[in-house]
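File shown: model15.cif (mmCIF, C-alpha atoms and all ligand atoms).
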```
data_my_file
#
loop_
_atom_site.label_atom_id
_atom_site.label_comp_id
_atom_site.auth_asym_id
_atom_site.auth_seq_id
_atom_site.Cartn_x
_atom_site.Cartn_y
_atom_site.Cartn_z
CA MET A 1 -32.97 50.21 24.81
CA ASN A 2 -35.10 47.65 26.56
CA SER A 3 -32.93 46.47 29.38
CA ALA A 4 -31.93 48.27 32.54
CA ILE A 5 -28.84 46.15 33.03
CA SER A 6 -27.18 44.00 30.42
CA ILE A 7 -24.16 41.86 31.29
CA GLU A 8 -22.39 39.70 28.73
CA ASN A 9 -19.62 37.25 29.42
CA ILE A 10 -18.10 39.19 32.32
CA LYS A 11 -14.95 37.68 33.76
CA LYS A 12 -13.01 38.73 36.83
CA THR A 13 -10.01 37.24 38.58
CA LEU A 14 -9.18 38.45 42.09
CA GLY A 15 -5.84 37.35 43.51
CA ASN A 16 -5.34 34.04 41.75
CA ARG A 17 -8.99 33.09 41.84
CA GLU A 18 -11.37 33.36 38.88
CA VAL A 19 -14.31 34.79 40.79
CA LEU A 20 -16.55 35.43 37.75
CA LYS A 21 -16.17 32.93 34.92
CA GLY A 22 -18.01 34.69 32.11
CA ILE A 23 -21.44 35.59 33.45
CA SER A 24 -24.32 36.91 31.33
CA PHE A 25 -27.83 38.08 32.17
CA SER A 26 -30.08 41.04 31.63
CA VAL A 27 -32.48 42.90 33.84
CA GLY A 28 -35.54 44.44 32.20
CA ILE A 29 -36.76 47.95 32.97
CA GLY A 30 -39.18 47.75 35.89
CA ASP A 31 -37.97 44.31 36.96
CA ILE A 32 -37.36 43.32 40.52
CA PHE A 33 -34.44 41.05 39.80
CA GLY A 34 -33.30 38.52 42.41
CA TYR A 35 -29.61 37.59 42.37
CA LEU A 36 -29.17 34.42 44.37
CA GLY A 37 -26.22 32.30 45.32
CA PRO A 38 -24.40 30.73 48.25
CA ASN A 39 -21.66 32.53 50.21
CA GLY A 40 -18.65 33.32 48.07
CA ALA A 41 -20.52 32.69 44.79
CA GLY A 42 -19.61 36.09 43.35
CA LYS A 43 -22.69 38.25 44.06
CA THR A 44 -20.92 41.19 45.68
CA THR A 45 -18.19 41.07 43.05
CA THR A 46 -20.87 41.28 40.33
CA ILE A 47 -22.46 44.22 42.13
CA ARG A 48 -19.17 46.06 42.47
CA ILE A 49 -18.59 45.66 38.74
CA LEU A 50 -22.15 46.75 37.99
CA LEU A 51 -21.61 49.94 39.93
CA GLY A 52 -18.26 50.67 38.32
CA LEU A 53 -16.43 50.22 41.64
CA LEU A 54 -14.42 47.38 40.16
CA GLN A 55 -13.40 46.85 36.53
CA ALA A 56 -14.15 43.55 34.82
CA ASP A 57 -11.23 41.79 33.09
CA SER A 58 -13.35 41.21 30.01
CA GLY A 59 -16.95 41.19 28.83
CA ARG A 60 -19.58 43.83 28.23
CA LEU A 61 -21.77 45.75 30.65
CA ASP A 62 -24.47 48.33 29.91
CA VAL A 63 -26.72 50.14 32.32
CA LEU A 64 -29.75 51.76 30.66
CA GLY A 65 -27.97 51.25 27.36
CA GLN A 66 -24.95 53.26 28.44
CA ASP A 67 -21.40 52.70 29.63
CA ILE A 68 -21.13 52.54 33.42
CA ASN A 69 -17.92 54.54 33.36
CA GLN A 70 -19.78 57.65 32.23
CA SER A 71 -20.75 59.87 35.17
CA GLU A 72 -24.14 60.48 33.59
CA THR A 73 -24.85 56.72 33.76
CA ARG A 74 -23.68 56.45 37.35
CA ARG A 75 -26.11 59.15 38.37
CA LYS A 76 -28.97 56.95 37.23
CA ILE A 77 -28.02 54.25 39.72
CA GLY A 78 -28.58 54.16 43.47
CA PHE A 79 -27.12 51.49 45.68
CA VAL A 80 -27.18 49.89 49.10
CA LEU A 81 -23.99 47.90 49.68
CA ASP A 82 -23.39 45.19 52.26
CA THR A 83 -22.26 47.88 54.70
CA ASP A 84 -24.87 50.60 55.09
CA GLY A 85 -22.43 53.52 54.74
CA LEU A 86 -24.37 55.70 57.20
CA TYR A 87 -22.78 58.14 59.63
CA ASP A 88 -23.74 57.17 63.19
CA ASN A 89 -23.16 60.57 64.74
CA MET A 90 -25.33 62.37 62.19
CA THR A 91 -29.12 62.49 62.13
CA ALA A 92 -31.07 60.77 59.34
CA GLU A 93 -31.67 64.15 57.74
CA HIS A 94 -27.99 65.06 57.84
CA ASN A 95 -27.05 61.71 56.32
CA LEU A 96 -29.37 62.46 53.40
CA MET A 97 -27.96 65.99 53.08
CA PHE A 98 -24.43 64.65 53.04
CA TYR A 99 -25.21 62.30 50.16
CA SER A 100 -27.15 64.98 48.31
CA GLN A 101 -24.07 67.16 48.33
CA ILE A 102 -22.03 64.38 46.78
CA TYR A 103 -24.44 64.45 43.86
CA GLY A 104 -24.35 68.25 43.76
CA LEU A 105 -28.00 68.51 44.77
CA PRO A 106 -29.57 71.15 47.06
CA LYS A 107 -29.00 70.52 50.77
CA ALA A 108 -32.61 70.87 51.87
CA GLY A 109 -36.08 70.51 50.55
CA GLU A 110 -39.25 68.54 50.70
CA ARG A 111 -37.42 65.75 48.86
CA PHE A 112 -35.99 64.61 52.19
CA ASP A 113 -39.40 64.69 53.82
CA LYS A 114 -40.80 62.54 51.07
CA LEU A 115 -37.94 60.06 51.23
CA LEU A 116 -38.13 59.81 55.00
CA SER A 117 -41.89 59.26 54.83
CA MET A 118 -41.40 56.63 52.17
CA VAL A 119 -39.20 54.62 54.56
CA ASP A 120 -41.35 55.48 57.59
CA LEU A 121 -38.64 57.39 59.44
CA LYS A 122 -40.08 60.87 59.44
CA ASN A 123 -40.70 60.92 63.18
CA ARG A 124 -37.08 59.87 63.84
CA ALA A 125 -35.50 62.18 61.25
CA GLY A 126 -33.81 64.34 63.91
CA ASP A 127 -32.31 61.42 65.88
CA ARG A 128 -28.73 60.31 65.57
CA VAL A 129 -28.44 57.23 63.36
CA GLY A 130 -26.31 55.54 66.03
CA THR A 131 -29.54 55.09 68.02
CA TYR A 132 -31.33 53.28 65.17
CA SER A 133 -32.18 49.58 64.98
CA LYS A 134 -30.80 47.48 62.13
CA GLY A 135 -34.15 47.63 60.31
CA MET A 136 -34.29 51.43 60.59
CA ARG A 137 -30.71 51.72 59.33
CA GLN A 138 -31.49 49.60 56.29
CA ARG A 139 -34.59 51.69 55.56
CA LEU A 140 -32.53 54.86 55.82
CA ALA A 141 -29.86 53.33 53.56
CA LEU A 142 -32.61 52.75 51.02
CA ALA A 143 -33.76 56.37 51.27
CA ARG A 144 -30.15 57.51 50.95
CA ALA A 145 -29.75 55.40 47.82
CA MET A 146 -32.63 57.34 46.31
CA VAL A 147 -31.60 60.94 47.10
CA HIS A 148 -30.74 61.60 43.47
CA ASP A 149 -33.88 59.87 42.17
CA PRO A 150 -32.07 57.09 40.29
CA GLU A 151 -33.71 54.84 37.71
CA VAL A 152 -32.02 51.68 38.89
CA LEU A 153 -31.50 50.57 42.49
CA VAL A 154 -28.85 47.96 43.21
CA MET A 155 -28.94 46.37 46.64
CA ASP A 156 -26.65 43.82 48.25
CA GLU A 157 -28.69 41.77 50.73
CA PRO A 158 -30.78 44.69 52.00
CA THR A 159 -32.73 42.60 54.52
CA ALA A 160 -29.82 40.58 55.95
CA GLY A 161 -29.81 40.71 59.74
CA VAL A 162 -33.21 42.45 59.90
CA ASP A 163 -36.01 40.84 61.94
CA PRO A 164 -39.06 39.40 60.13
CA SER A 165 -41.35 42.39 60.59
CA GLY A 166 -38.53 44.71 59.51
CA GLN A 167 -38.00 42.54 56.43
CA ILE A 168 -41.67 42.83 55.53
CA GLU A 169 -41.43 46.63 55.76
CA ILE A 170 -38.33 46.76 53.54
CA ARG A 171 -39.91 44.41 50.99
CA GLN A 172 -43.01 46.58 50.86
CA ILE A 173 -40.88 49.67 50.24
CA MET A 174 -39.03 47.87 47.43
CA LEU A 175 -42.32 46.83 45.87
CA ASP A 176 -43.66 50.40 46.07
CA VAL A 177 -40.45 51.81 44.60
CA ALA A 178 -40.67 49.42 41.66
CA ARG A 179 -44.42 49.54 41.06
CA LYS A 180 -45.39 53.09 41.97
CA ARG A 181 -42.20 54.89 41.01
CA ASN A 182 -41.36 52.64 38.06
CA LYS A 183 -37.83 51.92 39.15
CA THR A 184 -35.77 48.84 38.39
CA ILE A 185 -34.44 46.90 41.36
CA PHE A 186 -31.49 44.54 41.38
CA LEU A 187 -31.39 42.69 44.63
CA SER A 188 -28.91 40.12 45.88
CA SER A 189 -30.33 37.89 48.56
CA HIS A 190 -29.93 34.66 50.48
CA ASN A 191 -33.58 34.73 51.32
CA LEU A 192 -35.39 32.49 48.84
CA ASP A 193 -38.77 33.24 50.29
CA GLU A 194 -38.16 36.95 49.84
CA VAL A 195 -37.07 36.52 46.23
CA GLN A 196 -40.09 34.34 45.56
CA ARG A 197 -42.41 36.97 46.96
CA ILE A 198 -41.17 40.07 45.22
CA CYS A 199 -38.96 39.20 42.23
CA ASN A 200 -40.21 38.54 38.73
CA ARG A 201 -36.85 37.52 37.29
CA ILE A 202 -33.91 35.76 38.87
CA ALA A 203 -30.38 34.51 38.32
CA LEU A 204 -28.63 31.93 40.45
CA ILE A 205 -24.84 32.17 40.60
CA ASP A 206 -22.61 29.43 41.98
CA ARG A 207 -18.79 29.56 42.03
CA GLY A 208 -18.72 32.32 39.44
CA GLU A 209 -21.15 30.73 36.98
CA ILE A 210 -24.81 31.45 36.31
CA LYS A 211 -26.69 28.20 36.86
CA LEU A 212 -30.26 29.36 36.44
CA TYR A 213 -31.65 32.51 34.89
CA GLY A 214 -34.97 33.78 33.63
CA GLU A 215 -38.53 34.77 34.49
CA LEU A 216 -39.47 33.12 37.77
CA GLU A 217 -42.81 31.93 36.35
CA ASN A 218 -41.18 30.29 33.33
CA LEU A 219 -38.50 28.67 35.44
CA ARG A 220 -41.14 27.18 37.67
CA LYS A 221 -42.88 25.69 34.66
CA LYS A 222 -39.63 24.43 33.16
CA MET A 223 -38.57 22.80 36.39
CA GLY A 224 -41.62 20.57 36.18
CA GLY A 225 -44.24 22.98 37.45
CA GLY A 226 -44.18 21.58 40.96
CA GLY A 227 -46.37 18.67 41.69
CA VAL A 228 -49.45 17.37 43.37
CA VAL A 229 -50.21 16.11 46.85
CA ILE A 230 -52.89 13.44 47.02
CA GLU A 231 -54.56 12.83 50.36
CA THR A 232 -55.92 9.31 50.77
CA THR A 233 -58.32 8.17 53.46
CA LYS A 234 -56.10 5.25 54.59
CA ASN A 235 -52.47 4.23 54.40
CA ILE A 236 -51.92 2.53 51.05
CA PRO A 237 -50.50 -1.03 50.96
CA GLU A 238 -46.76 -1.62 50.40
CA SER A 239 -47.41 -3.48 47.17
CA LEU A 240 -49.12 -0.45 45.63
CA LEU A 241 -46.32 1.78 46.88
CA ALA A 242 -43.82 -0.43 45.04
CA GLU A 243 -45.94 -0.22 41.89
CA LEU A 244 -46.08 3.60 42.04
CA LYS A 245 -42.31 3.78 42.44
CA LYS A 246 -41.83 1.75 39.27
CA LEU A 247 -44.02 4.01 37.11
CA ASP A 248 -41.56 6.76 36.17
CA ARG A 249 -44.11 8.89 34.38
CA LEU A 250 -46.00 9.48 37.65
CA GLY A 251 -42.94 11.03 39.26
CA PHE A 252 -43.81 9.55 42.63
CA GLN A 253 -41.71 11.38 45.24
CA LYS A 254 -42.66 10.26 48.72
CA LYS A 255 -45.36 9.14 51.09
CA LYS A 256 -46.08 10.75 54.43
CA LYS A 257 -48.77 8.97 56.42
CA THR A 258 -51.81 9.22 54.13
CA SER A 259 -50.31 11.88 51.81
CA LEU A 260 -48.69 10.97 48.50
CA PHE A 261 -46.43 13.42 46.64
CA PHE A 262 -46.01 13.30 42.87
CA SER A 263 -44.34 15.51 40.30
CA PRO A 264 -45.61 13.93 37.11
CA ARG A 265 -43.66 13.95 33.84
CA GLN A 266 -44.91 16.08 30.98
CA GLY A 267 -47.87 14.35 29.34
CA THR A 268 -49.04 12.78 32.58
CA GLY A 269 -51.85 14.63 34.32
CA VAL A 270 -53.17 14.63 37.84
CA SER A 271 -56.26 12.83 36.55
CA ASP A 272 -54.06 9.93 35.34
CA ILE A 273 -52.67 9.51 38.83
CA ILE A 274 -56.10 9.74 40.40
CA SER A 275 -57.62 7.16 38.06
CA LEU A 276 -54.76 4.75 38.63
CA LEU A 277 -55.13 5.04 42.40
CA ALA A 278 -58.91 4.69 42.13
CA SER A 279 -58.55 1.57 39.99
CA ARG A 280 -56.47 0.05 42.82
CA GLY A 281 -59.24 0.76 45.27
CA VAL A 282 -57.67 3.80 46.95
CA LYS A 283 -60.15 6.35 48.29
CA ILE A 284 -59.00 9.90 47.65
CA GLU A 285 -59.91 12.73 49.97
CA GLU A 286 -58.34 15.57 47.98
CA ALA A 287 -55.67 16.45 45.43
CA VAL A 288 -53.79 19.75 45.80
CA LYS A 289 -51.51 21.18 43.15
CA LYS A 290 -48.25 22.67 44.41
CA GLU A 291 -46.09 25.10 42.46
CA ALA A 292 -42.38 24.37 42.27
CA LEU A 293 -40.70 26.22 45.08
CA LEU A 294 -37.56 28.20 44.49
CA GLU A 295 -36.04 26.34 47.41
CA GLU A 296 -36.38 23.01 45.57
CA MET A 297 -34.92 24.43 42.36
CA TYR A 298 -32.06 26.01 44.25
CA ALA A 299 -31.23 22.86 46.19
CA SER A 300 -31.38 20.58 43.16
CA ILE A 301 -29.19 22.84 41.02
CA LEU A 302 -26.54 23.28 43.67
CA LYS A 303 -26.58 19.53 44.36
CA GLU A 304 -26.11 18.80 40.65
CA ALA A 305 -23.23 21.27 40.50
CA GLU A 306 -21.53 19.63 43.46
CA ALA A 307 -21.84 16.20 41.91
CA SER A 308 -20.27 17.28 38.62
N1 LIG B 1 -10.03 41.09 46.86
C1 LIG B 1 -10.17 39.77 46.74
N2 LIG B 1 -9.10 38.97 46.51
C2 LIG B 1 -9.23 37.63 46.37
N3 LIG B 1 -10.42 37.00 46.41
C3 LIG B 1 -11.50 37.73 46.63
C4 LIG B 1 -11.46 39.15 46.79
N4 LIG B 1 -12.72 39.61 46.98
C5 LIG B 1 -13.52 38.52 46.93
N5 LIG B 1 -12.81 37.39 46.72
C6 LIG B 1 -13.33 36.03 46.58
O1 LIG B 1 -14.27 36.03 45.55
C7 LIG B 1 -15.31 35.11 45.81
C8 LIG B 1 -16.65 35.77 45.63
O2 LIG B 1 -16.83 36.76 46.63
P1 LIG B 1 -18.15 37.64 46.74
O3 LIG B 1 -17.94 38.57 47.87
O4 LIG B 1 -18.44 38.22 45.41
O5 LIG B 1 -19.21 36.53 47.10
P2 LIG B 1 -20.76 36.70 47.53
O6 LIG B 1 -21.54 35.88 46.61
O7 LIG B 1 -21.09 38.15 47.65
O8 LIG B 1 -20.77 36.02 48.96
P3 LIG B 1 -21.64 36.39 50.28
O9 LIG B 1 -22.96 35.72 50.10
O10 LIG B 1 -20.85 35.74 51.39
O11 LIG B 1 -21.72 37.87 50.42
C9 LIG B 1 -15.05 34.57 47.21
O12 LIG B 1 -14.44 33.32 47.10
C10 LIG B 1 -14.11 35.58 47.78
O13 LIG B 1 -13.26 34.97 48.73
MG MG B 2 -21.70 39.35 49.22
#
```
Just dump the structure as structure tokens.
Ligand SMILES: Nc1ncnc2c1ncn2[C@@H]1O[C@H](COP(=O)(O)OP(=O)(O)OP(=O)(O)O)[C@@H](O)[C@H]1O
Ligand SMILES: [Mg+2]
Amino acid sequence: MNSAISIENIKKTLGNREVLKGISFSVGIGDIFGYLGPNGAGKTTTIRILLGLLQADSGRLDVLGQDINQSETRRKIGFVLDTDGLYDNMTAEHNLMFYSQIYGLPKAGERFDKLLSMVDLKNRAGDRVGTYSKGMRQRLALARAMVHDPEVLVMDEPTAGVDPSGQIEIRQIMLDVARKRNKTIFLSSHNLDEVQRICNRIALIDRGEIKLYGELENLRKKMGGGGVVIETTKNIPESLLAELKKLDRLGFQKKKKTSLFFSPRQGTGVSDIISLLASRGVKIEEAVKKEALLEEMYASILKEAEAS
């Protein structure tokens, strides 16, 4: 077994709508996997199937090499759904106790202390959850998802509606959980910046189909590896601009004042662009390489899909 989650050709129709049209991907052990997609793409439906809360119509699904319908497999998964599932009139500690009982675990113990410290809620452990901020609730939901020490954590937009500093805290906890406790995290998110910061592997779903999938680093390279911004000392003449636009291999994108943006084709290097500009008498102040941003990949793939 070398994958934490393996999904093959999963299909699901809800009502008269084919919500998942045969999706496949796998999540490696120790991955922080980012599951991206616009509203209504099928993320929550995938998650519900992953957790065994909804049955797929067809296809294959393994979690840690086992069938999700076995209770022993389910115990190895923790989850945070799009509703936090916390009880407002109970304290944080009682919420954890309640979930522990569901798993048949002891009601007390230093486990709770550890979990509450992990999510930085130890000093509020005795307060009713109804008094918590959204960020605190999400942190507690994360602790709750880990009461039974699962191997895999599945989270549906865990930072949605949380303010920026709260998001940073939650991201740090997720990173610690994956890196220090060697857990696998499956995370659905709308936040591309978040996914870019913490995920090593991603899938992009759109209208029930996976449009992009793989190691984030490899995808970046495949998508053209970003580009280069060349700062010139003066505005370049229109005639040269027209010439640059004609040379496809340079991948000239746009000009902004004295900055020129290129994403060169394979086989064309930054030095080729620089020497061409120099030969036309352009003085160059600096050239900065930019990695492809997930945002650009996302936008271009969804635009392509719309056009087809
Ligand atoms: N019980 C249902 N019956 C019919 N259609 C449904 C049902 N549940 C979900 N859908 C439809 O399935 C599609 C996918 O929904 P899903 O909740 O999986 O999307 P999502 O990617 O999680 O979206 P969001 O980002 O808004 O959370 C949507 O078009 C939704 O309307
Ligand atoms: Mg959803």
Near ligand MG 2 (chain B), 10 Å: chain A residue rows, closest pairs, only C-alpha atoms and all ligand atoms, as CSV:
```
residue,atom,partner,partner_atom,distance
A:Gly37,CA,B:MG2,MG,9.2
A:Pro38,CA,B:MG2,MG,9.1
A:Asn39,CA,B:MG2,MG,6.9
A:Gly40,CA,B:MG2,MG,6.9
A:Ala41,CA,B:MG2,MG,8.1
A:Gly42,CA,B:MG2,MG,7.0
A:Lys43,CA,B:MG2,MG,5.4
A:Thr44,CA,B:MG2,MG,4.1
A:Thr45,CA,B:MG2,MG,7.3
A:Thr46,CA,B:MG2,MG,9.1
A:Ile47,CA,B:MG2,MG,8.6
A:Arg48,CA,B:MG2,MG,9.8
A:Leu81,CA,B:MG2,MG,8.9
A:Asp82,CA,B:MG2,MG,6.8
A:Asp156,CA,B:MG2,MG,6.7
A:Glu157,CA,B:MG2,MG,7.5
A:Ser188,CA,B:MG2,MG,8.0
A:Ser189,CA,B:MG2,MG,8.8
A:His190,CA,B:MG2,MG,9.6
```
For a quick check of understanding, using all atoms listed in the file, which of A:Val229, A:Leu105, A:Ile23, A:Leu216 has the smallest distance to Cys199 (chain A)? A:Leu216
With a distance cut-off of 12 Å and only C-alpha atoms, select the neighbouring residues of Glu93 (chain A), excluding the residue or stretch itself and same-chain residues fewer than 3 positions from it, and output the selection as a PyMOL selection string. chain A and resi 86-90+96-100+107-117+121-129+140-141+143-144+147
Identify which of the residues A:Asp206, A:Asp149, A:Glu296, A:Glu215 lies closest to ligand LIG 1 (chain B), counting all atoms listed in the file when measuring atom-to-atom distances.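 Comparing A:Asp206, A:Asp149, A:Glu296, A:Glu215 against ligand LIG 1 (chain B), the winner is A:Asp206.
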Let me know the centre plus edge lengths, in Å and rounded to one decimal, of a box with edges along x, y and z that contains all listed atoms of ligand LIG 1 (chain B) and is padded by 3 Å on every side, as JSON.
```
{"center_x": -16.0, "center_y": 37.2, "center_z": 48.4, "size_x": 19.9, "size_y": 13.8, "size_z": 12.0}
```
So the first atom is CA of Leu53 (chain A) and the second is CA of Phe33 (chain A); what is the distance between them in Å, to one decimal place? 20.3 Å
One number please: CA of Leu64 (chain A) to CA of Ile185 (chain A), in Å, one decimal.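 CA of Leu64 (chain A) sits 12.7 Å away from CA of Ile185 (chain A).
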With a distance cut-off of 7 Å and all atoms listed in the file, select the neighbouring residues of Val152 (chain A), excluding the residue or stretch itself and same-chain residues fewer than 5 positions from it, and output the selection as a ChimeraX atom specification. /A:76-78,183-185
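With all atoms listed in the file as the atoms that count, the minimum distance from ligand LIG 1 (chain B) to the choices A:Asp193, A:Asp163, A:Glu209, A:Asp120 is reached by A:Glu209.
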Shortest contact to ligand LIG 1 (chain B), candidates A:Ser259, A:Ser275, A:Asn218, A:Asn191, atoms counted all atoms listed in the file, goes to A:Asn191
Selected residue of minimal separation from Leu302 (chain A) among A:Arg137, A:Arg171, A:Arg207, A:His148, counting all atoms listed in the file: A:Arg207
